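Coordinates as given in my_file_0.csv (CSV, N, CA and C atoms):
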```csv
chain,number,residue,atom,x,y,z
A,256,MET,N,-36.0,-185.8,-208.3
A,256,MET,CA,-36.1,-187.2,-208.2
A,256,MET,C,-36.0,-187.9,-209.5
A,257,ARG,N,-35.0,-188.8,-209.6
A,257,ARG,CA,-34.8,-189.5,-210.9
A,257,ARG,C,-35.9,-190.6,-211.1
A,258,PRO,N,-36.3,-190.8,-212.4
A,258,PRO,CA,-37.3,-191.8,-212.6
A,258,PRO,C,-36.8,-193.2,-212.2
A,259,ALA,N,-37.7,-194.0,-211.8
A,259,ALA,CA,-37.3,-195.4,-211.4
A,259,ALA,C,-36.6,-196.2,-212.5
A,260,VAL,N,-37.0,-195.9,-213.7
A,260,VAL,CA,-36.5,-196.7,-214.8
A,260,VAL,C,-35.0,-196.4,-215.0
A,261,GLU,N,-34.6,-195.2,-214.6
A,261,GLU,CA,-33.1,-194.8,-214.7
A,261,GLU,C,-32.4,-195.5,-213.5
A,262,LEU,N,-33.0,-195.6,-212.4
A,262,LEU,CA,-32.3,-196.1,-211.2
A,262,LEU,C,-32.3,-197.7,-211.2
A,263,CYS,N,-33.2,-198.3,-211.9
A,263,CYS,CA,-33.3,-199.8,-211.9
A,263,CYS,C,-33.4,-200.2,-213.4
A,264,PRO,N,-32.3,-200.7,-213.9
A,264,PRO,CA,-32.3,-201.2,-215.3
A,264,PRO,C,-33.3,-202.3,-215.6
A,265,HIS,N,-33.6,-203.1,-214.5
A,265,HIS,CA,-34.6,-204.2,-214.7
A,265,HIS,C,-36.0,-203.7,-215.2
A,266,LEU,N,-36.3,-202.4,-214.8
A,266,LEU,CA,-37.6,-201.9,-215.3
A,266,LEU,C,-37.7,-201.6,-216.8
A,267,ARG,N,-36.5,-201.5,-217.4
A,267,ARG,CA,-36.5,-201.2,-218.9
A,267,ARG,C,-37.1,-202.4,-219.6
A,268,LYS,N,-37.1,-203.6,-219.0
A,268,LYS,CA,-37.6,-204.8,-219.6
A,268,LYS,C,-39.1,-204.9,-219.4
A,269,GLY,N,-39.7,-204.1,-218.6
A,269,GLY,CA,-41.2,-204.2,-218.3
A,269,GLY,C,-41.4,-204.2,-216.8
A,270,HIS,N,-42.3,-205.1,-216.4
A,270,HIS,CA,-42.6,-205.2,-215.0
A,270,HIS,C,-41.5,-206.0,-214.2
A,271,VAL,N,-41.4,-205.6,-213.0
A,271,VAL,CA,-40.3,-206.3,-212.2
A,271,VAL,C,-40.9,-206.4,-210.7
A,272,ALA,N,-40.5,-207.4,-210.0
A,272,ALA,CA,-40.9,-207.6,-208.6
A,272,ALA,C,-39.7,-207.3,-207.7
A,273,PHE,N,-40.0,-206.6,-206.6
A,273,PHE,CA,-39.1,-206.2,-205.6
A,273,PHE,C,-39.4,-206.8,-204.3
A,274,LEU,N,-38.4,-207.3,-203.6
A,274,LEU,CA,-38.6,-207.7,-202.2
A,274,LEU,C,-38.0,-206.6,-201.4
A,275,ALA,N,-38.9,-205.8,-200.8
A,275,ALA,CA,-38.4,-204.6,-200.1
A,275,ALA,C,-38.0,-204.9,-198.6
A,276,GLY,N,-36.8,-204.4,-198.2
A,276,GLY,CA,-36.3,-204.5,-196.9
A,276,GLY,C,-36.6,-203.3,-196.0
A,277,ALA,N,-36.6,-202.1,-196.6
A,277,ALA,CA,-36.8,-200.9,-195.9
A,277,ALA,C,-37.4,-199.9,-196.9
A,278,THR,N,-38.4,-199.2,-196.4
A,278,THR,CA,-39.1,-198.1,-197.2
A,278,THR,C,-39.4,-196.9,-196.4
A,279,SER,N,-39.7,-195.8,-197.0
A,279,SER,CA,-40.2,-194.7,-196.3
A,279,SER,C,-41.2,-194.0,-197.2
A,280,VAL,N,-42.2,-193.3,-196.5
A,280,VAL,CA,-43.2,-192.6,-197.3
A,280,VAL,C,-42.6,-191.3,-197.8
A,281,TRP,N,-42.8,-191.1,-199.2
A,281,TRP,CA,-42.1,-190.0,-199.8
A,281,TRP,C,-43.1,-188.9,-200.2
A,282,GLY,N,-44.3,-189.3,-200.7
A,282,GLY,CA,-45.3,-188.3,-201.1
A,282,GLY,C,-46.5,-189.0,-201.7
A,283,VAL,N,-47.2,-188.3,-202.6
A,283,VAL,CA,-48.5,-188.8,-203.2
A,283,VAL,C,-48.5,-188.5,-204.6
A,284,ILE,N,-49.5,-189.2,-205.3
A,284,ILE,CA,-49.9,-188.9,-206.7
A,284,ILE,C,-51.4,-188.6,-206.6
A,285,GLY,N,-51.8,-187.6,-207.3
A,285,GLY,CA,-53.2,-187.2,-207.2
A,285,GLY,C,-53.6,-186.1,-208.1
A,286,SER,N,-54.7,-185.4,-207.8
A,286,SER,CA,-55.2,-184.3,-208.6
A,286,SER,C,-55.1,-183.0,-207.9
A,287,ARG,N,-54.7,-182.0,-208.6
A,287,ARG,CA,-54.6,-180.6,-208.0
A,287,ARG,C,-56.0,-179.9,-208.1
A,288,TYR,N,-56.3,-179.1,-207.1
A,288,TYR,CA,-57.5,-178.3,-207.1
A,288,TYR,C,-57.1,-176.9,-206.8
A,289,ARG,N,-58.0,-176.0,-207.1
A,289,ARG,CA,-57.9,-174.6,-206.7
A,289,ARG,C,-59.2,-174.1,-206.2
A,290,LEU,N,-59.1,-173.0,-205.4
A,290,LEU,CA,-60.3,-172.4,-204.8
A,290,LEU,C,-60.8,-171.3,-205.7
A,291,THR,N,-62.1,-171.4,-206.1
A,291,THR,CA,-62.7,-170.3,-206.9
A,291,THR,C,-63.9,-169.7,-206.1
A,292,ALA,N,-64.5,-168.8,-206.6
A,292,ALA,CA,-65.7,-168.1,-206.0
A,292,ALA,C,-66.8,-169.1,-205.8
A,293,THR,N,-66.9,-170.1,-206.6
A,293,THR,CA,-68.0,-171.1,-206.5
A,293,THR,C,-67.6,-172.4,-205.7
A,294,GLY,N,-66.3,-172.4,-205.3
A,294,GLY,CA,-65.9,-173.6,-204.6
A,294,GLY,C,-64.6,-174.2,-205.2
A,295,LEU,N,-64.3,-175.4,-204.9
A,295,LEU,CA,-63.1,-176.1,-205.4
A,295,LEU,C,-63.3,-176.5,-206.8
A,296,GLU,N,-62.2,-176.3,-207.6
A,296,GLU,CA,-62.3,-176.7,-209.0
A,296,GLU,C,-61.0,-177.4,-209.4
A,297,PRO,N,-61.2,-178.6,-210.0
A,297,PRO,CA,-60.0,-179.3,-210.4
A,297,PRO,C,-59.2,-178.6,-211.5
A,298,LEU,N,-57.9,-178.7,-211.4
A,298,LEU,CA,-57.0,-178.1,-212.4
A,298,LEU,C,-56.8,-179.1,-213.5
A,299,PRO,N,-56.4,-178.7,-214.7
A,299,PRO,CA,-56.2,-179.6,-215.8
A,299,PRO,C,-55.3,-180.8,-215.4
A,300,ALA,N,-55.6,-181.9,-215.9
A,300,ALA,CA,-54.9,-183.2,-215.5
A,300,ALA,C,-53.6,-183.4,-216.3
A,301,GLU,N,-52.9,-182.4,-216.6
A,301,GLU,CA,-51.6,-182.5,-217.3
A,301,GLU,C,-50.5,-183.3,-216.6
A,302,ASP,N,-50.5,-183.1,-215.3
A,302,ASP,CA,-49.4,-183.8,-214.5
A,302,ASP,C,-50.0,-184.6,-213.4
A,303,ASP,N,-51.1,-185.3,-213.6
A,303,ASP,CA,-51.7,-186.1,-212.6
A,303,ASP,C,-50.9,-187.3,-212.1
A,304,ASP,N,-50.0,-187.7,-213.0
A,304,ASP,CA,-49.1,-188.9,-212.6
A,304,ASP,C,-47.8,-188.4,-212.0
A,305,ALA,N,-47.6,-187.1,-211.9
A,305,ALA,CA,-46.3,-186.6,-211.3
A,305,ALA,C,-46.4,-186.7,-209.8
A,306,PRO,N,-45.5,-187.4,-209.1
A,306,PRO,CA,-45.5,-187.4,-207.7
A,306,PRO,C,-45.2,-186.1,-207.0
A,307,VAL,N,-45.8,-185.8,-205.9
A,307,VAL,CA,-45.6,-184.6,-205.1
A,307,VAL,C,-45.1,-185.0,-203.8
A,308,ALA,N,-43.9,-184.5,-203.4
A,308,ALA,CA,-43.3,-184.8,-202.1
A,308,ALA,C,-44.1,-184.2,-200.9
A,309,TYR,N,-44.1,-185.0,-199.8
A,309,TYR,CA,-44.6,-184.4,-198.6
A,309,TYR,C,-43.7,-183.1,-198.3
A,310,GLY,N,-44.4,-182.1,-197.9
A,310,GLY,CA,-43.7,-180.8,-197.6
A,310,GLY,C,-43.8,-179.8,-198.8
A,311,HIS,N,-44.3,-180.3,-199.9
A,311,HIS,CA,-44.5,-179.4,-201.1
A,311,HIS,C,-45.5,-178.3,-200.8
A,312,SER,N,-45.2,-177.1,-201.3
A,312,SER,CA,-46.1,-176.0,-201.0
A,312,SER,C,-47.5,-176.2,-201.4
A,313,GLN,N,-47.8,-177.0,-202.5
A,313,GLN,CA,-49.1,-177.1,-203.0
A,313,GLN,C,-49.8,-178.4,-202.6
A,314,LEU,N,-49.2,-179.1,-201.6
A,314,LEU,CA,-49.8,-180.4,-201.2
A,314,LEU,C,-51.2,-180.3,-200.6
A,315,ASP,N,-51.4,-179.2,-200.0
A,315,ASP,CA,-52.8,-178.9,-199.4
A,315,ASP,C,-53.9,-178.9,-200.4
A,316,TRP,N,-53.5,-178.7,-201.7
A,316,TRP,CA,-54.5,-178.6,-202.7
A,316,TRP,C,-54.6,-179.8,-203.6
A,317,PHE,N,-54.1,-180.9,-203.0
A,317,PHE,CA,-54.1,-182.2,-203.7
A,317,PHE,C,-55.2,-183.1,-203.1
A,318,LEU,N,-55.8,-183.9,-204.0
A,318,LEU,CA,-56.6,-185.0,-203.6
A,318,LEU,C,-55.8,-186.3,-204.0
A,319,ALA,N,-55.2,-186.9,-203.0
A,319,ALA,CA,-54.3,-188.0,-203.2
A,319,ALA,C,-55.1,-189.2,-203.7
A,320,SER,N,-54.5,-190.0,-204.7
A,320,SER,CA,-55.1,-191.2,-205.1
A,320,SER,C,-54.1,-192.4,-204.9
A,321,GLN,N,-52.8,-192.0,-204.8
A,321,GLN,CA,-51.8,-193.1,-204.6
A,321,GLN,C,-50.7,-192.6,-203.6
A,322,LEU,N,-50.2,-193.5,-202.8
A,322,LEU,CA,-49.1,-193.2,-201.9
A,322,LEU,C,-47.8,-193.5,-202.6
A,323,VAL,N,-46.7,-192.7,-202.5
A,323,VAL,CA,-45.4,-193.0,-203.1
A,323,VAL,C,-44.5,-193.3,-202.0
A,324,ARG,N,-43.8,-194.5,-202.1
A,324,ARG,CA,-42.8,-194.9,-201.1
A,324,ARG,C,-41.5,-194.9,-201.8
A,325,GLU,N,-40.4,-194.7,-201.0
A,325,GLU,CA,-39.1,-194.7,-201.5
A,325,GLU,C,-38.5,-196.1,-201.0
A,326,LEU,N,-37.9,-196.8,-201.9
A,326,LEU,CA,-37.2,-198.1,-201.5
A,326,LEU,C,-35.8,-197.8,-201.2
A,327,HIS,N,-35.4,-198.2,-199.9
A,327,HIS,CA,-34.0,-198.0,-199.5
A,327,HIS,C,-33.2,-199.2,-199.6
A,328,ASP,N,-33.9,-200.4,-199.4
A,328,ASP,CA,-33.2,-201.6,-199.3
A,328,ASP,C,-34.1,-202.6,-200.0
A,329,TYR,N,-33.7,-203.1,-201.2
A,329,TYR,CA,-34.6,-204.0,-201.9
A,329,TYR,C,-33.8,-205.0,-202.7
A,330,GLU,N,-34.4,-206.0,-203.2
A,330,GLU,CA,-33.8,-207.1,-204.0
A,330,GLU,C,-34.8,-207.4,-205.1
A,331,VAL,N,-34.3,-207.4,-206.4
A,331,VAL,CA,-35.1,-207.8,-207.5
A,331,VAL,C,-35.3,-209.3,-207.5
A,332,VAL,N,-36.5,-209.8,-207.5
A,332,VAL,CA,-36.8,-211.2,-207.4
A,332,VAL,C,-37.7,-211.7,-208.6
A,333,GLU,N,-37.6,-213.0,-208.8
A,333,GLU,CA,-38.5,-213.7,-209.8
A,333,GLU,C,-39.6,-214.2,-208.9
A,334,LEU,N,-40.9,-214.0,-209.3
A,334,LEU,CA,-42.0,-214.4,-208.5
A,334,LEU,C,-42.0,-215.9,-208.4
A,335,ASP,N,-41.6,-216.6,-209.4
A,335,ASP,CA,-41.6,-218.1,-209.4
A,335,ASP,C,-40.6,-218.6,-208.4
A,336,ASP,N,-39.6,-217.9,-208.0
A,336,ASP,CA,-38.7,-218.3,-207.0
A,336,ASP,C,-39.1,-218.1,-205.6
A,337,LEU,N,-40.2,-217.4,-205.3
A,337,LEU,CA,-40.6,-217.1,-204.0
A,337,LEU,C,-41.4,-218.3,-203.4
A,338,VAL,N,-41.2,-218.6,-202.2
A,338,VAL,CA,-41.9,-219.7,-201.5
A,338,VAL,C,-43.1,-219.1,-200.7
A,339,PRO,N,-44.3,-219.7,-201.0
A,339,PRO,CA,-45.5,-219.1,-200.2
A,339,PRO,C,-45.3,-219.4,-198.7
A,340,ALA,N,-45.8,-218.5,-197.9
A,340,ALA,CA,-45.8,-218.6,-196.5
A,340,ALA,C,-46.7,-219.7,-196.1
A,341,ALA,N,-46.3,-220.4,-195.0
A,341,ALA,CA,-47.2,-221.6,-194.6
A,341,ALA,C,-48.3,-221.1,-193.7
```

Turn the structure described in the file into structure tokens.
Amino acid sequence: MRPAVELCPHLRKGHVAFLAGATSVWGVIGSRYRLTATGLEPLPAEDDDAPVAYGHSQLDWFLASQLVRELHDYEVVELDDLVPAA
């Protein structure tokens, strides 16, 4: 999976707002654990920010903290240009 900053040049400038038309659930971000003789033990947090796709072989050993969605149809928008819903 390519980083979002490579796919969307607007992210290189900092924060950006998207108006999403279609998304799908891709995976999670979280902490990995392993089973020891004394119970579950967290693994070192070296890759805690790395997303893990649904279907990954180690997903059962994750405690998810964030859901990762894939944007299929989106538009980059300026927040000031959006009209509040009535």

Spatial neighbours of Glu330 in chain A, max dist 8 Å, only C-alpha atoms, sep filter under 5 positions, as a VMD selection string: chain A and resid 273 to 276

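Considering all atoms listed in the file, the residue among A:His270, A:Ala340, A:Glu261, A:Ala319 positioned nearest to Arg287 in chain A is A:Ala319.
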
Could you write out, as an NGL selection string, all the residues of chain A that DSSP marks as strand (DSSP E or B)? :A and (272-291 or 294-297 or 307-308 or 317-332)

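Atom C of Ser312 in chain A to atom N of Ala277 in chain A spans 28.5 Å [interatomic distance, one decimal].
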
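Picture a line from CA of Leu322 in chain A to CA of Gly310 in chain A; it runs 14.2 Å.
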
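Shortest separation to Ser286 in chain A among A:Ala272, A:Val323, A:Ala308, A:Phe317 occurs at residue A:Phe317, atoms counted being all atoms listed in the file.
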
Using Å and a single decimal, report how far CA of His311 in chain A sits from CA of Asp328 in chain A. 25.0 Å

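Residue nearest Leu334 in chain A within the list A:Val271, A:Val283, A:Ala305, A:Ala300: A:Val271 [criterion: smallest interatomic distance, only C-alpha atoms].
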
Long-range neighbours of Tyr309 in chain A as an mmCIF file with N, CA and C atoms, in the coordinates of the input, 8 Å cut-off, only N, CA and C atoms, 5 positions minimum in chain:
```cif
data_model
loop_
_atom_site.group_PDB
_atom_site.id
_atom_site.type_symbol
_atom_site.label_atom_id
_atom_site.label_comp_id
_atom_site.auth_asym_id
_atom_site.auth_seq_id
_atom_site.Cartn_x
_atom_site.Cartn_y
_atom_site.Cartn_z
ATOM 1 N N VAL A 280 -42.200 -193.300 -196.500
ATOM 2 C CA VAL A 280 -43.200 -192.600 -197.300
ATOM 3 C C VAL A 280 -42.600 -191.300 -197.800
ATOM 4 N N TRP A 281 -42.800 -191.100 -199.200
ATOM 5 C CA TRP A 281 -42.100 -190.000 -199.800
ATOM 6 C C TRP A 281 -43.100 -188.900 -200.200
ATOM 7 N N GLY A 282 -44.300 -189.300 -200.700
ATOM 8 C CA GLY A 282 -45.300 -188.300 -201.100
ATOM 9 C C GLY A 282 -46.500 -189.000 -201.700
ATOM 10 N N VAL A 283 -47.200 -188.300 -202.600
ATOM 11 C CA VAL A 283 -48.500 -188.800 -203.200
ATOM 12 C C VAL A 283 -48.500 -188.500 -204.600
ATOM 13 N N LEU A 314 -49.200 -179.100 -201.600
ATOM 14 C CA LEU A 314 -49.800 -180.400 -201.200
ATOM 15 C C LEU A 314 -51.200 -180.300 -200.600
#
```

Spatial neighbours of Ile284 in chain A, 5 Å, only N, CA and C atoms, chain gap at least 6 places, as a list in words: Pro306, Ala319, Ser320 and Gln321 of chain A

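Counting only C-alpha atoms and comparing A:Val331, A:Leu318, A:Arg324, A:Thr278, the residue that lies closest to Pro297 in chain A is A:Leu318.
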
If you count only N, CA and C atoms, the residue of A:Glu325, A:Asp304, A:Gln313, A:Asp336 closest to Gly285 in chain A turns out to be A:Asp304
